[in-house]
Amino acid sequence: MNKYGKNLALWIVIGVLLVALFNLFQNNGSRGNYSSLAFSDFLSEVESGRINEVTIQGNTIKGHFNDGRAFSTYTPNDPGIVDRLRSGNVRISAAPKEEGMSGLLGILISWFPMLLFIGVWIFFYAPNARWRRKSHGVREK
């Protein structure tokens, strides 16, 4: 493989890695296909028996209708919500509230792909810059 083919292959690999890293660090909460449902509509659906199962996580309720469609709703501090769900024969699961990552760690993780790209660029650019200066007769100080 000639010099240009190796260089092109290297940039293609770097590009694929950057796209993979970008997709890896995307918000995990956006991966579900949950449609938003107003809380009052949610209560109406529970009373009519169209809710199959729910997972309560903090003030967020995610679940599925009897036909398999997914939904998500935000509940106010309603102490009677579990009783309403039980009276509607809804299967109830509970999960701990998601904790967000610390600010500094979040910044480092979100900036990691860009910092990696800059580091790789400097790693490959710096030797070429020295070679170009030497080949054109420019002296380093």
# chains A, B, ... in the order shown; residues from 1 in each chain; ligands from 1

call {"tool": "select_by_dssp", "arguments": {"residues": "segment 39-136 of chain A", "states": "strand (DSSP E)", "output": "ChimeraX atom specification"}}
result
/A:51-57,60-65,70-74,91-95

call {"tool": "closest_residue", "arguments": {"among": "A:Leu8, A:Trp111, A:Gly58, A:Phe71", "to": "Asp41 of chain A", "atoms": "only C-alpha atoms"}}
result
A:Phe71

call {"tool": "atom_distance", "arguments": {"atom1": "atom CA of Pro96 of chain A", "atom2": "atom CA of Ser110 of chain A"}}
result
24.5 Å

call {"tool": "closest_residue", "arguments": {"among": "A:Ile92, A:Ser48, A:Asn77, A:Ser87", "to": "Lys62 of chain A", "atoms": "only C-alpha atoms"}}
result
A:Ile92

call {"tool": "closest_residue", "arguments": {"among": "A:Pro113, A:Asn59, A:Leu21, A:Val90", "to": "Thr73 of chain A", "atoms": "only C-alpha atoms"}}
result
A:Asn59

call {"tool": "residues_around", "arguments": {"residues": "Asn52 of chain A", "least_positions_apart": "5", "cutoff": "6 Å", "atoms": "only C-alpha atoms", "output": "list of chain:residue names"}}
result
A:His64, A:Phe65, A:Asn66, A:Val90

call {"tool": "closest_residue", "arguments": {"among": "A:Leu105, A:Ile61, A:Ile118, A:Ile81", "to": "Ser35 of chain A", "atoms": "only C-alpha atoms"}}
result
A:Ile61

call {"tool": "closest_residue", "arguments": {"among": "A:Gln57, A:Asn33, A:Ser72, A:Asn23", "to": "Ser93 of chain A", "atoms": "only C-alpha atoms"}}
result
A:Gln57

call {"tool": "select_by_dssp", "arguments": {"residues": "segment 50-103 of chain A", "states": "alpha helix (DSSP H)", "output": "list in words"}}
result
Ile81, Val82, Asp83, Arg84, Leu85, Arg86, Ser87 and Gly103 of chain A

call {"tool": "closest_residue", "arguments": {"among": "A:Leu85, A:Val120, A:Ala70, A:Ile107", "to": "Gly49 of chain A", "atoms": "only C-alpha atoms"}}
result
A:Leu85

call {"tool": "atom_distance", "arguments": {"atom1": "atom CA of Tyr74 of chain A", "atom2": "atom CA of Phe42 of chain A"}}
result
9.7 Å

call {"tool": "atom_distance", "arguments": {"atom1": "atom CA of Glu47 of chain A", "atom2": "atom CA of Gly88 of chain A"}}
result
5.9 Å

call {"tool": "residues_around", "arguments": {"residues": "Val19 of chain A", "least_positions_apart": "5", "cutoff": "12 Å", "atoms": "only C-alpha atoms", "output": "list in words"}}
result
Ile12, Val13, Ile14, Leu24, Phe25, Gln26, Pro113, Met114 and Phe117 of chain A

call {"tool": "decode", "arguments": {"residues": "segment 85-122 of chain A", "atoms": "N, CA and C atoms", "output": "JSON list (two decimals), in the first residue's frame"}}
result
[["chain", "number", "residue", "atom", "x", "y", "z"],
["A", 85, "LEU", "N", -52.87, 2.17, 41.13],
["A", 85, "LEU", "CA", -52.32, 1.20, 40.18],
["A", 85, "LEU", "C", -52.73, -0.22, 40.55],
["A", 86, "ARG", "N", -52.70, -0.52, 41.85],
["A", 86, "ARG", "CA", -53.09, -1.86, 42.30],
["A", 86, "ARG", "C", -54.57, -2.12, 42.03],
["A", 87, "SER", "N", -55.40, -1.11, 42.23],
["A", 87, "SER", "CA", -56.84, -1.31, 41.97],
["A", 87, "SER", "C", -57.11, -1.48, 40.48],
["A", 88, "GLY", "N", -56.21, -1.00, 39.62],
["A", 88, "GLY", "CA", -56.35, -1.16, 38.18],
["A", 88, "GLY", "C", -55.68, -2.40, 37.65],
["A", 89, "ASN", "N", -55.23, -3.30, 38.57],
["A", 89, "ASN", "CA", -54.54, -4.55, 38.19],
["A", 89, "ASN", "C", -53.33, -4.29, 37.30],
["A", 90, "VAL", "N", -52.53, -3.30, 37.67],
["A", 90, "VAL", "CA", -51.32, -2.95, 36.92],
["A", 90, "VAL", "C", -50.14, -3.60, 37.63],
["A", 91, "ARG", "N", -49.27, -4.22, 36.85],
["A", 91, "ARG", "CA", -48.04, -4.81, 37.40],
["A", 91, "ARG", "C", -47.08, -3.66, 37.71],
["A", 92, "ILE", "N", -46.60, -3.59, 38.95],
["A", 92, "ILE", "CA", -45.79, -2.45, 39.40],
["A", 92, "ILE", "C", -44.37, -2.92, 39.69],
["A", 93, "SER", "N", -43.40, -2.22, 39.14],
["A", 93, "SER", "CA", -41.98, -2.41, 39.47],
["A", 93, "SER", "C", -41.46, -1.09, 39.99],
["A", 94, "ALA", "N", -40.46, -1.17, 40.84],
["A", 94, "ALA", "CA", -39.83, 0.04, 41.36],
["A", 94, "ALA", "C", -38.33, -0.04, 41.11],
["A", 95, "ALA", "N", -37.73, 1.10, 40.83],
["A", 95, "ALA", "CA", -36.29, 1.18, 40.59],
["A", 95, "ALA", "C", -35.76, 2.39, 41.34],
["A", 96, "PRO", "N", -34.49, 2.32, 41.76],
["A", 96, "PRO", "CA", -33.93, 3.48, 42.44],
["A", 96, "PRO", "C", -33.81, 4.68, 41.50],
["A", 97, "LYS", "N", -33.87, 5.84, 42.08],
["A", 97, "LYS", "CA", -33.77, 7.07, 41.31],
["A", 97, "LYS", "C", -32.39, 7.15, 40.68],
["A", 98, "GLU", "N", -32.35, 7.54, 39.41],
["A", 98, "GLU", "CA", -31.06, 7.65, 38.72],
["A", 98, "GLU", "C", -30.28, 8.83, 39.28],
["A", 99, "GLU", "N", -29.04, 8.57, 39.58],
["A", 99, "GLU", "CA", -28.16, 9.63, 40.06],
["A", 99, "GLU", "C", -27.36, 10.14, 38.88],
["A", 100, "GLY", "N", -27.34, 11.43, 38.70],
["A", 100, "GLY", "CA", -26.53, 12.02, 37.64],
["A", 100, "GLY", "C", -25.06, 11.99, 38.03],
["A", 101, "MET", "N", -24.20, 11.97, 37.03],
["A", 101, "MET", "CA", -22.77, 11.95, 37.34],
["A", 101, "MET", "C", -22.31, 13.34, 37.76],
["A", 102, "SER", "N", -21.20, 13.36, 38.48],
["A", 102, "SER", "CA", -20.69, 14.64, 38.98],
["A", 102, "SER", "C", -20.33, 15.56, 37.81],
["A", 103, "GLY", "N", -20.30, 16.83, 38.07],
["A", 103, "GLY", "CA", -20.05, 17.81, 37.01],
["A", 103, "GLY", "C", -18.72, 17.63, 36.32],
["A", 104, "LEU", "N", -17.65, 17.45, 37.09],
["A", 104, "LEU", "CA", -16.32, 17.32, 36.48],
["A", 104, "LEU", "C", -16.22, 16.03, 35.67],
["A", 105, "LEU", "N", -16.73, 14.93, 36.22],
["A", 105, "LEU", "CA", -16.69, 13.67, 35.50],
["A", 105, "LEU", "C", -17.52, 13.75, 34.22],
["A", 106, "GLY", "N", -18.67, 14.37, 34.28],
["A", 106, "GLY", "CA", -19.50, 14.54, 33.09],
["A", 106, "GLY", "C", -18.81, 15.35, 32.01],
["A", 107, "ILE", "N", -18.13, 16.40, 32.42],
["A", 107, "ILE", "CA", -17.40, 17.23, 31.46],
["A", 107, "ILE", "C", -16.27, 16.44, 30.82],
["A", 108, "LEU", "N", -15.52, 15.69, 31.64],
["A", 108, "LEU", "CA", -14.41, 14.89, 31.10],
["A", 108, "LEU", "C", -14.92, 13.84, 30.12],
["A", 109, "ILE", "N", -16.00, 13.18, 30.46],
["A", 109, "ILE", "CA", -16.52, 12.14, 29.58],
["A", 109, "ILE", "C", -17.06, 12.75, 28.29],
["A", 110, "SER", "N", -17.74, 13.87, 28.36],
["A", 110, "SER", "CA", -18.28, 14.46, 27.15],
["A", 110, "SER", "C", -17.19, 15.05, 26.26],
["A", 111, "TRP", "N", -16.09, 15.51, 26.85],
["A", 111, "TRP", "CA", -15.00, 16.09, 26.07],
["A", 111, "TRP", "C", -13.95, 15.07, 25.66],
["A", 112, "PHE", "N", -14.03, 13.83, 26.15],
["A", 112, "PHE", "CA", -13.02, 12.83, 25.85],
["A", 112, "PHE", "C", -12.82, 12.60, 24.34],
["A", 113, "PRO", "N", -13.88, 12.42, 23.56],
["A", 113, "PRO", "CA", -13.66, 12.19, 22.12],
["A", 113, "PRO", "C", -12.92, 13.35, 21.44],
["A", 114, "MET", "N", -13.27, 14.59, 21.80],
["A", 114, "MET", "CA", -12.60, 15.73, 21.17],
["A", 114, "MET", "C", -11.13, 15.81, 21.61],
["A", 115, "LEU", "N", -10.88, 15.59, 22.89],
["A", 115, "LEU", "CA", -9.49, 15.61, 23.36],
["A", 115, "LEU", "C", -8.67, 14.50, 22.72],
["A", 116, "LEU", "N", -9.28, 13.34, 22.54],
["A", 116, "LEU", "CA", -8.59, 12.23, 21.88],
["A", 116, "LEU", "C", -8.27, 12.61, 20.43],
["A", 117, "PHE", "N", -9.21, 13.21, 19.75],
["A", 117, "PHE", "CA", -8.98, 13.64, 18.37],
["A", 117, "PHE", "C", -7.84, 14.65, 18.29],
["A", 118, "ILE", "N", -7.83, 15.63, 19.18],
["A", 118, "ILE", "CA", -6.76, 16.64, 19.18],
["A", 118, "ILE", "C", -5.42, 15.99, 19.48],
["A", 119, "GLY", "N", -5.40, 15.07, 20.44],
["A", 119, "GLY", "CA", -4.15, 14.38, 20.76],
["A", 119, "GLY", "C", -3.61, 13.58, 19.59],
["A", 120, "VAL", "N", -4.49, 12.86, 18.89],
["A", 120, "VAL", "CA", -4.05, 12.08, 17.74],
["A", 120, "VAL", "C", -3.58, 13.00, 16.63],
["A", 121, "TRP", "N", -4.28, 14.10, 16.44],
["A", 121, "TRP", "CA", -3.88, 15.05, 15.39],
["A", 121, "TRP", "C", -2.50, 15.63, 15.69],
["A", 122, "ILE", "N", -2.25, 16.02, 16.92],
["A", 122, "ILE", "CA", -0.94, 16.56, 17.29],
["A", 122, "ILE", "C", 0.14, 15.50, 17.14]]
